[in-house]
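K.L.:
Dropping in data.cif, which is mmCIF, C-alpha atoms:
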data_coords
#
loop_
_atom_site.label_atom_id
_atom_site.label_comp_id
_atom_site.auth_asym_id
_atom_site.auth_seq_id
_atom_site.Cartn_x
_atom_site.Cartn_y
_atom_site.Cartn_z
CA MET A 11 33.04 1.57 -4.42
CA LEU A 12 30.00 3.45 -3.15
CA GLN A 13 30.73 2.80 0.53
CA PRO A 14 32.41 6.20 1.18
CA LEU A 15 29.37 7.94 -0.32
CA PHE A 16 26.97 6.03 1.94
CA GLU A 17 29.17 6.74 4.98
CA ARG A 18 29.17 10.43 4.12
CA LEU A 19 25.41 10.39 3.73
CA ALA A 20 25.03 8.80 7.17
CA ARG A 21 27.33 11.43 8.73
CA LEU A 22 25.42 14.44 7.38
CA ASP A 23 23.90 16.61 10.10
CA VAL A 24 20.44 16.23 8.60
CA SER A 25 20.75 12.40 8.54
CA ARG A 26 21.82 12.31 12.18
CA ALA A 27 19.05 14.72 13.18
CA MET A 28 16.45 12.50 11.46
CA ASN A 29 17.76 9.43 13.28
CA GLU A 30 17.85 11.11 16.68
CA SER A 31 14.26 12.26 16.34
CA GLY A 32 12.56 8.86 15.93
CA TRP A 33 9.22 10.28 14.82
CA VAL A 34 10.68 11.97 11.68
CA VAL A 35 11.90 8.60 10.32
CA ALA A 36 8.60 6.93 11.33
CA THR A 37 6.57 9.61 9.55
CA ILE A 38 8.72 9.42 6.41
CA GLN A 39 8.36 5.61 6.32
CA ALA A 40 4.58 5.87 6.74
CA PHE A 41 4.25 8.36 3.86
CA HIS A 42 6.59 6.24 1.72
CA LEU A 43 4.15 3.34 2.07
CA LEU A 44 1.20 5.64 1.32
CA ALA A 45 2.92 6.84 -1.87
CA LEU A 46 3.58 3.19 -2.79
CA VAL A 47 -0.11 2.31 -2.42
CA LEU A 48 -1.17 5.25 -4.62
CA PHE A 49 1.50 4.32 -7.20
CA ALA A 50 0.50 0.62 -7.09
CA GLY A 51 -3.16 1.43 -7.83
CA ALA A 52 -2.28 3.66 -10.79
CA ILE A 53 0.17 1.12 -12.27
CA LEU A 54 -2.06 -1.87 -11.62
CA ILE A 55 -5.21 -0.55 -13.30
CA VAL A 56 -3.22 -0.21 -16.55
CA ASP A 57 -1.40 -3.54 -16.14
CA LEU A 58 -4.70 -5.31 -15.51
CA ARG A 59 -6.07 -3.72 -18.69
CA LEU A 60 -2.99 -4.96 -20.59
CA LEU A 61 -3.80 -8.43 -19.25
CA GLY A 62 -7.36 -8.15 -20.59
CA ARG A 63 -8.87 -7.57 -17.12
CA GLY A 64 -10.40 -4.58 -15.32
CA LEU A 65 -11.52 -1.67 -17.56
CA THR A 66 -11.80 -3.75 -20.73
CA ASP A 67 -14.48 -1.49 -22.28
CA GLN A 68 -11.90 1.26 -22.76
CA PRO A 69 -8.82 1.25 -25.00
CA VAL A 70 -5.49 0.68 -23.23
CA ALA A 71 -4.28 4.18 -24.23
CA GLN A 72 -7.31 5.83 -22.59
CA VAL A 73 -6.87 3.93 -19.31
CA ALA A 74 -3.14 4.72 -19.32
CA ARG A 75 -3.74 8.44 -20.02
CA ALA A 76 -6.17 8.69 -17.09
CA ALA A 77 -3.75 6.89 -14.75
CA ARG A 78 -0.63 8.85 -15.79
CA PRO A 79 -0.94 11.86 -13.40
CA TRP A 80 -1.35 9.45 -10.46
CA VAL A 81 1.61 7.32 -11.57
CA ARG A 82 3.68 10.52 -11.58
CA ALA A 83 2.29 11.72 -8.22
CA GLY A 84 2.98 8.33 -6.62
CA LEU A 85 6.50 8.20 -8.05
CA LEU A 86 7.26 11.74 -6.87
CA GLY A 87 6.00 10.83 -3.40
CA LEU A 88 8.15 7.68 -3.39
CA ILE A 89 11.27 9.64 -4.39
CA ALA A 90 10.57 12.50 -1.96
CA THR A 91 10.21 10.08 0.97
CA GLY A 92 12.72 7.47 -0.29
CA ILE A 93 15.75 9.81 -0.36
CA PRO A 94 15.49 10.96 3.29
CA GLN A 95 14.81 7.35 4.29
CA LEU A 96 18.02 6.29 2.55
CA MET A 97 19.94 9.13 4.24
CA SER A 98 18.74 8.15 7.70
CA LEU A 99 19.63 4.45 7.20
CA ALA A 100 22.53 4.82 4.75
CA GLU A 101 25.04 2.48 6.40
CA LYS A 102 22.50 -0.24 7.18
CA GLU A 103 21.16 -0.09 3.63
CA TYR A 104 24.62 -0.25 2.06
CA HIS A 105 25.23 -3.60 3.79
CA SER A 106 21.75 -5.00 3.02
CA GLU A 107 21.60 -7.33 0.01
CA PHE A 108 17.86 -6.62 -0.23
CA PHE A 109 18.57 -2.90 -0.61
CA TRP A 110 20.73 -3.67 -3.65
CA SER A 111 18.21 -6.10 -5.13
CA LYS A 112 15.58 -3.37 -4.67
CA MET A 113 17.81 -0.85 -6.49
CA TYR A 114 18.51 -3.22 -9.42
CA LEU A 115 14.84 -4.14 -9.73
CA LEU A 116 13.85 -0.47 -9.41
CA ALA A 117 16.23 0.49 -12.21
CA ALA A 118 14.83 -2.31 -14.40
CA ALA A 119 11.20 -1.40 -13.53
CA LEU A 120 11.74 2.32 -14.28
CA VAL A 121 13.47 1.64 -17.60
CA PHE A 122 10.77 -0.87 -18.60
CA THR A 123 7.89 1.43 -17.52
CA PHE A 124 9.18 4.49 -19.36
CA THR A 125 10.28 2.70 -22.55
CA ILE A 126 8.52 -0.51 -23.60
CA ARG A 127 5.42 -0.16 -21.38
CA ARG A 128 5.02 3.51 -22.30
CA SER A 129 5.24 2.82 -26.05
CA VAL A 130 2.66 0.01 -25.76
CA THR A 131 0.23 1.99 -23.60
CA GLN A 132 0.46 5.14 -25.73
CA ARG A 133 -0.64 3.47 -28.97
CA GLU A 134 -4.10 4.60 -29.93
CA ASP A 135 -4.41 1.88 -32.56
CA ALA A 136 -4.66 -1.83 -31.83
CA ARG A 137 -1.35 -2.77 -33.43
CA VAL A 138 -0.02 -4.40 -30.30
CA GLY A 139 -1.09 -8.04 -30.15
CA ARG A 140 -3.08 -9.36 -27.23
CA PHE A 141 -0.27 -11.64 -26.08
CA ALA A 142 2.39 -8.92 -26.38
CA ALA A 143 0.21 -6.54 -24.33
CA ALA A 144 -0.40 -9.23 -21.70
CA ALA A 145 3.34 -9.95 -21.53
CA VAL A 146 4.06 -6.25 -20.93
CA GLY A 147 1.44 -6.13 -18.14
CA LEU A 148 2.83 -9.27 -16.53
CA VAL A 149 6.46 -8.08 -16.65
CA SER A 150 5.41 -4.72 -15.17
CA ILE A 151 3.51 -6.34 -12.27
CA THR A 152 6.40 -8.76 -11.63
CA LEU A 153 9.07 -6.04 -11.60
CA TRP A 154 7.16 -3.65 -9.34
CA THR A 155 6.14 -6.46 -6.98
CA GLY A 156 9.83 -7.44 -6.82
CA VAL A 157 10.72 -3.84 -5.86
CA ALA A 158 8.10 -3.78 -3.07
CA VAL A 159 9.06 -7.24 -1.74
CA SER A 160 12.79 -6.42 -1.63
CA ALA A 161 12.02 -3.08 0.02
CA ARG A 162 10.02 -4.74 2.80
CA LEU A 163 12.71 -7.37 3.34
CA ILE A 164 15.37 -4.67 4.03
CA GLY A 165 13.75 -4.02 7.39
CA LEU A 166 13.35 -7.72 8.26
CA PHE A 167 16.84 -9.13 7.66
CA MET B 16 -10.86 0.86 32.11
CA SER B 17 -8.12 -1.69 32.69
CA GLU B 18 -10.69 -3.95 34.43
CA LEU B 19 -12.94 -3.75 31.38
CA LEU B 20 -10.05 -4.76 29.13
CA GLN B 21 -8.95 -7.63 31.39
CA PRO B 22 -10.84 -10.40 29.50
CA LEU B 23 -9.46 -9.13 26.18
CA ARG B 24 -5.95 -9.06 27.57
CA GLU B 25 -6.36 -12.57 28.93
CA LEU B 26 -7.52 -13.77 25.51
CA PHE B 27 -4.44 -12.26 23.84
CA GLU B 28 -2.17 -13.73 26.55
CA TRP B 29 -3.80 -17.14 26.09
CA VAL B 30 -3.28 -17.09 22.29
CA ASP B 31 0.32 -16.00 22.88
CA THR B 32 1.01 -19.36 24.60
CA PHE B 33 -0.28 -21.52 21.70
CA PRO B 34 2.56 -23.66 20.30
CA SER B 35 1.55 -22.69 16.71
CA SER B 36 1.62 -18.97 17.62
CA ILE B 37 5.11 -19.38 19.12
CA ALA B 38 6.25 -21.44 16.11
CA LEU B 39 5.01 -18.76 13.68
CA ARG B 40 6.73 -15.86 15.46
CA GLU B 41 9.95 -17.82 15.81
CA SER B 42 10.00 -18.99 12.21
CA GLN B 43 11.78 -16.06 10.64
CA TYR B 44 11.17 -17.07 7.02
CA VAL B 45 7.46 -17.94 7.30
CA TRP B 46 6.75 -14.84 9.39
CA SER B 47 8.69 -12.62 6.94
CA GLY B 48 6.74 -14.20 4.07
CA VAL B 49 3.47 -13.31 5.81
CA VAL B 50 4.64 -9.71 6.41
CA VAL B 51 5.64 -9.30 2.75
CA THR B 52 2.37 -10.84 1.49
CA HIS B 53 0.44 -8.48 3.79
CA VAL B 54 2.17 -5.44 2.26
CA ILE B 55 1.56 -6.64 -1.32
CA SER B 56 -2.10 -7.43 -0.65
CA VAL B 57 -2.59 -4.01 0.99
CA CYS B 58 -1.11 -2.42 -2.16
CA LEU B 59 -3.60 -4.38 -4.29
CA ALA B 60 -6.64 -3.65 -2.08
CA VAL B 61 -6.02 -0.04 -1.06
CA GLY B 62 -4.38 0.89 -4.38
CA LEU B 63 -7.50 -0.09 -6.31
CA LEU B 64 -9.86 1.34 -3.66
CA LEU B 65 -8.07 4.68 -4.09
CA VAL B 66 -8.57 4.46 -7.89
CA MET B 67 -12.33 4.09 -7.27
CA ASP B 68 -12.36 6.97 -4.77
CA LEU B 69 -10.50 9.17 -7.29
CA ARG B 70 -13.28 8.42 -9.81
CA LEU B 71 -15.89 9.42 -7.20
CA LEU B 72 -14.00 12.68 -6.74
CA GLY B 73 -13.88 13.30 -10.47
CA ALA B 74 -10.08 13.14 -10.46
CA ALA B 75 -9.41 10.05 -12.62
CA HIS B 76 -10.91 7.66 -15.19
CA LEU B 77 -13.76 10.00 -16.05
CA GLN B 78 -14.46 8.18 -19.34
CA ALA B 79 -15.56 5.09 -17.42
CA PRO B 80 -19.08 5.13 -15.95
CA PHE B 81 -18.73 4.73 -12.18
CA SER B 82 -20.81 1.53 -11.93
CA ARG B 83 -18.68 -0.18 -14.57
CA LEU B 84 -15.40 0.86 -12.93
CA GLN B 85 -16.73 -0.36 -9.58
CA ARG B 86 -17.93 -3.70 -11.02
CA ARG B 87 -14.69 -4.37 -12.90
CA LEU B 88 -12.40 -3.53 -10.00
CA PHE B 89 -14.46 -5.25 -7.31
CA PRO B 90 -13.04 -8.80 -7.70
CA TRP B 91 -9.45 -7.48 -7.51
CA GLN B 92 -10.21 -5.24 -4.55
CA MET B 93 -11.86 -8.17 -2.76
CA ALA B 94 -8.92 -10.48 -3.55
CA GLY B 95 -6.63 -7.86 -1.95
CA VAL B 96 -8.95 -7.34 1.04
CA VAL B 97 -9.32 -11.09 1.74
CA LEU B 98 -5.57 -11.71 1.46
CA SER B 99 -4.85 -8.66 3.69
CA ILE B 100 -7.27 -9.95 6.32
CA VAL B 101 -5.87 -13.51 6.26
CA THR B 102 -2.23 -12.32 6.47
CA GLY B 103 -3.17 -9.64 9.03
CA LEU B 104 -4.84 -12.26 11.25
CA LEU B 105 -1.75 -14.49 10.94
CA LEU B 106 0.48 -11.59 12.03
CA LEU B 107 -1.85 -10.93 14.97
CA TYR B 108 -1.84 -14.66 15.84
CA ALA B 109 1.96 -14.75 15.79
CA GLN B 110 2.46 -11.77 18.11
CA PRO B 111 -0.83 -11.09 19.95
CA LEU B 112 0.72 -9.20 22.85
CA ARG B 113 2.74 -6.94 20.57
CA TYR B 114 -0.49 -5.81 18.88
CA TYR B 115 -2.50 -5.71 22.10
CA ARG B 116 -0.04 -3.12 23.49
CA SER B 117 0.12 -1.08 20.29
CA VAL B 118 -1.94 2.10 20.25
CA TYR B 119 -1.59 2.30 16.46
CA PHE B 120 -2.97 -1.23 16.03
CA TRP B 121 -6.21 -0.30 17.80
CA MET B 122 -6.39 3.02 15.93
CA LYS B 123 -5.94 1.09 12.67
CA MET B 124 -8.79 -1.29 13.59
CA LEU B 125 -11.04 1.68 14.43
CA THR B 126 -10.18 3.48 11.17
CA MET B 127 -10.86 0.27 9.17
CA ALA B 128 -14.28 0.06 10.84
CA LEU B 129 -14.95 3.70 9.85
CA ALA B 130 -13.87 2.93 6.25
CA ALA B 131 -16.25 -0.06 6.19
CA LEU B 132 -19.12 2.08 7.57
CA ASN B 133 -18.42 4.70 4.89
CA ALA B 134 -18.57 2.01 2.18
CA MET B 135 -21.81 0.60 3.62
CA ALA B 136 -23.41 4.06 3.83
CA PHE B 137 -22.37 4.76 0.23
CA HIS B 138 -23.88 1.49 -1.04
CA SER B 139 -27.15 1.83 0.90
CA ARG B 140 -27.78 5.60 0.53
CA ILE B 141 -26.03 6.86 -2.61
CA TYR B 142 -25.35 3.95 -4.95
CA PRO B 143 -29.07 3.03 -5.50
CA SER B 144 -29.46 6.22 -7.59
CA VAL B 145 -26.33 5.47 -9.68
CA ALA B 146 -28.31 5.37 -12.96
CA GLU B 147 -28.96 9.14 -12.60
CA TRP B 148 -25.28 10.12 -12.28
CA ASP B 149 -23.27 7.15 -13.56
CA GLU B 150 -21.72 8.84 -16.61
CA ARG B 151 -21.32 12.34 -15.18
CA ARG B 152 -17.84 13.71 -14.66
CA ARG B 153 -18.88 15.64 -11.56
CA LEU B 154 -20.80 13.32 -9.25
CA PRO B 155 -23.40 14.35 -6.61
CA PHE B 156 -22.16 15.72 -3.31
CA GLY B 157 -22.84 12.47 -1.40
CA ALA B 158 -20.74 10.43 -3.84
CA ARG B 159 -17.88 12.92 -3.73
CA ALA B 160 -18.04 13.02 0.08
CA ALA B 161 -17.88 9.19 0.21
CA GLY B 162 -14.82 9.36 -2.08
CA VAL B 163 -13.04 11.92 0.12
CA LEU B 164 -13.82 9.96 3.29
CA GLY B 165 -12.76 6.66 1.67
CA MET B 166 -9.41 8.12 0.59
CA LEU B 167 -8.86 9.71 3.98
CA PHE B 168 -9.71 6.58 6.00
CA TRP B 169 -7.63 4.24 3.83
CA ALA B 170 -4.65 6.61 3.84
CA ILE B 171 -4.85 6.76 7.65
CA VAL B 172 -5.12 2.93 7.84
CA VAL B 173 -1.90 2.60 5.78
CA ILE B 174 -0.07 5.19 7.92
CA GLU B 175 -1.21 3.62 11.21
CA GLY B 176 -0.19 0.16 9.98
CA ARG B 177 3.32 1.35 9.16
CA LEU B 178 3.61 3.08 12.56
CA ILE B 179 2.81 -0.08 14.59
CA PRO B 180 6.53 -0.96 15.09
CA TYR B 181 7.05 2.50 16.63
CA SER B 182 4.16 2.33 19.12
CA LEU B 183 6.22 1.22 22.10
CA THR B 184 8.66 4.10 21.63
CA TRP B 185 5.90 6.66 21.44
CA PHE B 186 3.53 5.26 24.02
CA PRO B 187 5.50 3.53 26.78
CA GLN B 188 3.51 0.68 28.36
CA GLU B 189 3.63 -0.66 31.85
#
Take the structure in the file and give it back as structure tokens.

P.N.:
Amino acid sequence: MLQPLFERLARLDVSRAMNESGWVVATIQAFHLLALVLFAGAILIVDLRLLGRGLTDQPVAQVARAARPWVRAGLLGLIATGIPQLMSLAEKEYHSEFFWSKMYLLAAALVFTFTIRRSVTQREDARVGRFAAAAVGLVSITLWTGVAVSARLIGLF
Amino acid sequence: MSELLQPLRELFEWVDTFPSSIALRESQYVWSGVVVTHVISVCLAVGLLLVMDLRLLGAAHLQAPFSRLQRRLFPWQMAGVVLSIVTGLLLLYAQPLRYYRSVYFWMKMLTMALAALNAMAFHSRIYPSVAEWDERRRLPFGARAAGVLGMLFWAIVVIEGRLIPYSLTWFPQE
């Protein structure tokens, strides 16, 4: 269903230009990984706290509030570098099963992060049980790790 | 210069002939598993090192005293660093000549050494006085400088690592 869209993306002048100049794609991929590392640190410090590890002297909400600008910056960087990367490799990615598993996991991770995880990490009181908080942290780490693993496998298979 | 590097090249060429090195590079699934684990462990190590550097810069987690943040994150950072080193060495073992020829690989090694020197200088020169500035939001110049350098070096390490597959295109070898 989406194949014509991906073929059109690949045929755009800007996509072709990126592919012909190898260093543009290389630079975009390098900054995509850098944005991922920044994002991972900001997500992980909160997930560790949810698991009862890391900054345990501070309430979850305080750790999450401090990490939020860096979660947003990392996500913006990932989107800004992810879209041109998709454009330059559109046809290859359409036929990669790992690309689609990355997209499904990404959708699940984004929905989870900005609904359930957000509501748990924004609570100033301690109404969320220890096990519920740990479960949220574990699901978040699992989903985002799944996104990163699928993403890396696109280039390998 | 090439004469000076001859013993190093011979070492890499020798490792390249090991049956276990050949088996690892030819085993697509094991090798891919090592690559993926390397990326995840780099995310763990560098991600949490950047969090600490942001605290040094006064840009994040200001409510946490620096020494506590450092102590609490240290085991996770070290887990990431150890796993990155083990998987990195396995990747090097599987394809020694690929890395020997890669300009970005050697630049990455040099930048990692600079990052380690920065961390050592911070711990020997600046950290001993942590009690004086631990809870401040704006840390002394030396601490902020170590944070900026740490972020810069680790960001460059990540970029150089991702560019390794492109080295041969950019720097043709003999």

K.L.:
Mind listing as a CSV table (one decimal) with C-alpha atoms, in the frame of the given file which residues of chain B are within 8 Å of chain A, counting only C-alpha atoms?

P.N.:
chain,number,residue,atom,x,y,z
B,47,SER,CA,8.7,-12.6,6.9
B,51,VAL,CA,5.6,-9.3,2.8
B,54,VAL,CA,2.2,-5.4,2.3
B,55,ILE,CA,1.6,-6.6,-1.3
B,57,VAL,CA,-2.6,-4.0,1.0
B,58,CYS,CA,-1.1,-2.4,-2.2
B,59,LEU,CA,-3.6,-4.4,-4.3
B,61,VAL,CA,-6.0,0.0,-1.1
B,62,GLY,CA,-4.4,0.9,-4.4
B,63,LEU,CA,-7.5,-0.1,-6.3
B,64,LEU,CA,-9.9,1.3,-3.7
B,65,LEU,CA,-8.1,4.7,-4.1
B,66,VAL,CA,-8.6,4.5,-7.9
B,75,ALA,CA,-9.4,10.0,-12.6
B,76,HIS,CA,-10.9,7.7,-15.2
B,77,LEU,CA,-13.8,10.0,-16.0
B,79,ALA,CA,-15.6,5.1,-17.4
B,83,ARG,CA,-18.7,-0.2,-14.6
B,84,LEU,CA,-15.4,0.9,-12.9
B,87,ARG,CA,-14.7,-4.4,-12.9
B,88,LEU,CA,-12.4,-3.5,-10.0
B,170,ALA,CA,-4.6,6.6,3.8
B,173,VAL,CA,-1.9,2.6,5.8
B,174,ILE,CA,-0.1,5.2,7.9
B,175,GLU,CA,-1.2,3.6,11.2
B,177,ARG,CA,3.3,1.4,9.2
B,178,LEU,CA,3.6,3.1,12.6
B,181,TYR,CA,7.0,2.5,16.6

K.L.:
Using all atoms listed in the file, find the one residue out of B:Phe156, B:Gly165, B:Phe33, B:Tyr115 that sits nearest to Met135 (chain B).

P.N.:
B:Gly165

K.L.:
Starting from the point (-5.2, -4.3, 4.2), work out which residues of protein, DNA or RNA have an atom no more than 7 Å away when counting only C-alpha atoms; state them as a count of residues only.

P.N.:
7

K.L.:
What is the CA of Ala161 (chain B)-CA of Asn133 (chain B) distance in Å, reported with one decimal?

P.N.:
6.5 Å

K.L.:
Given the file shown, enumerate the residues that the PyMOL selection byres ((chain B and resi 16-23) around 12) captures and present them as a list in words.

P.N.:
Arg24, Glu25, Leu26, Phe27, Glu28, Trp29, Val30, Pro111, Leu112, Tyr115, Arg116 and Glu189 of chain B

K.L.:
Could you check which of B:Ser42, B:Ser139, B:Asp149, B:Tyr114 is closest to Ile179 (chain B), using only C-alpha atoms?

P.N.:
B:Tyr114

K.L.:
What lies within 9 Å of Leu60 (chain A) using only C-alpha atoms, ignoring chain neighbours under 3 positions off, as a ChimeraX atom specification?

P.N.:
/A:55-57,63,66,70,131,140,142-148
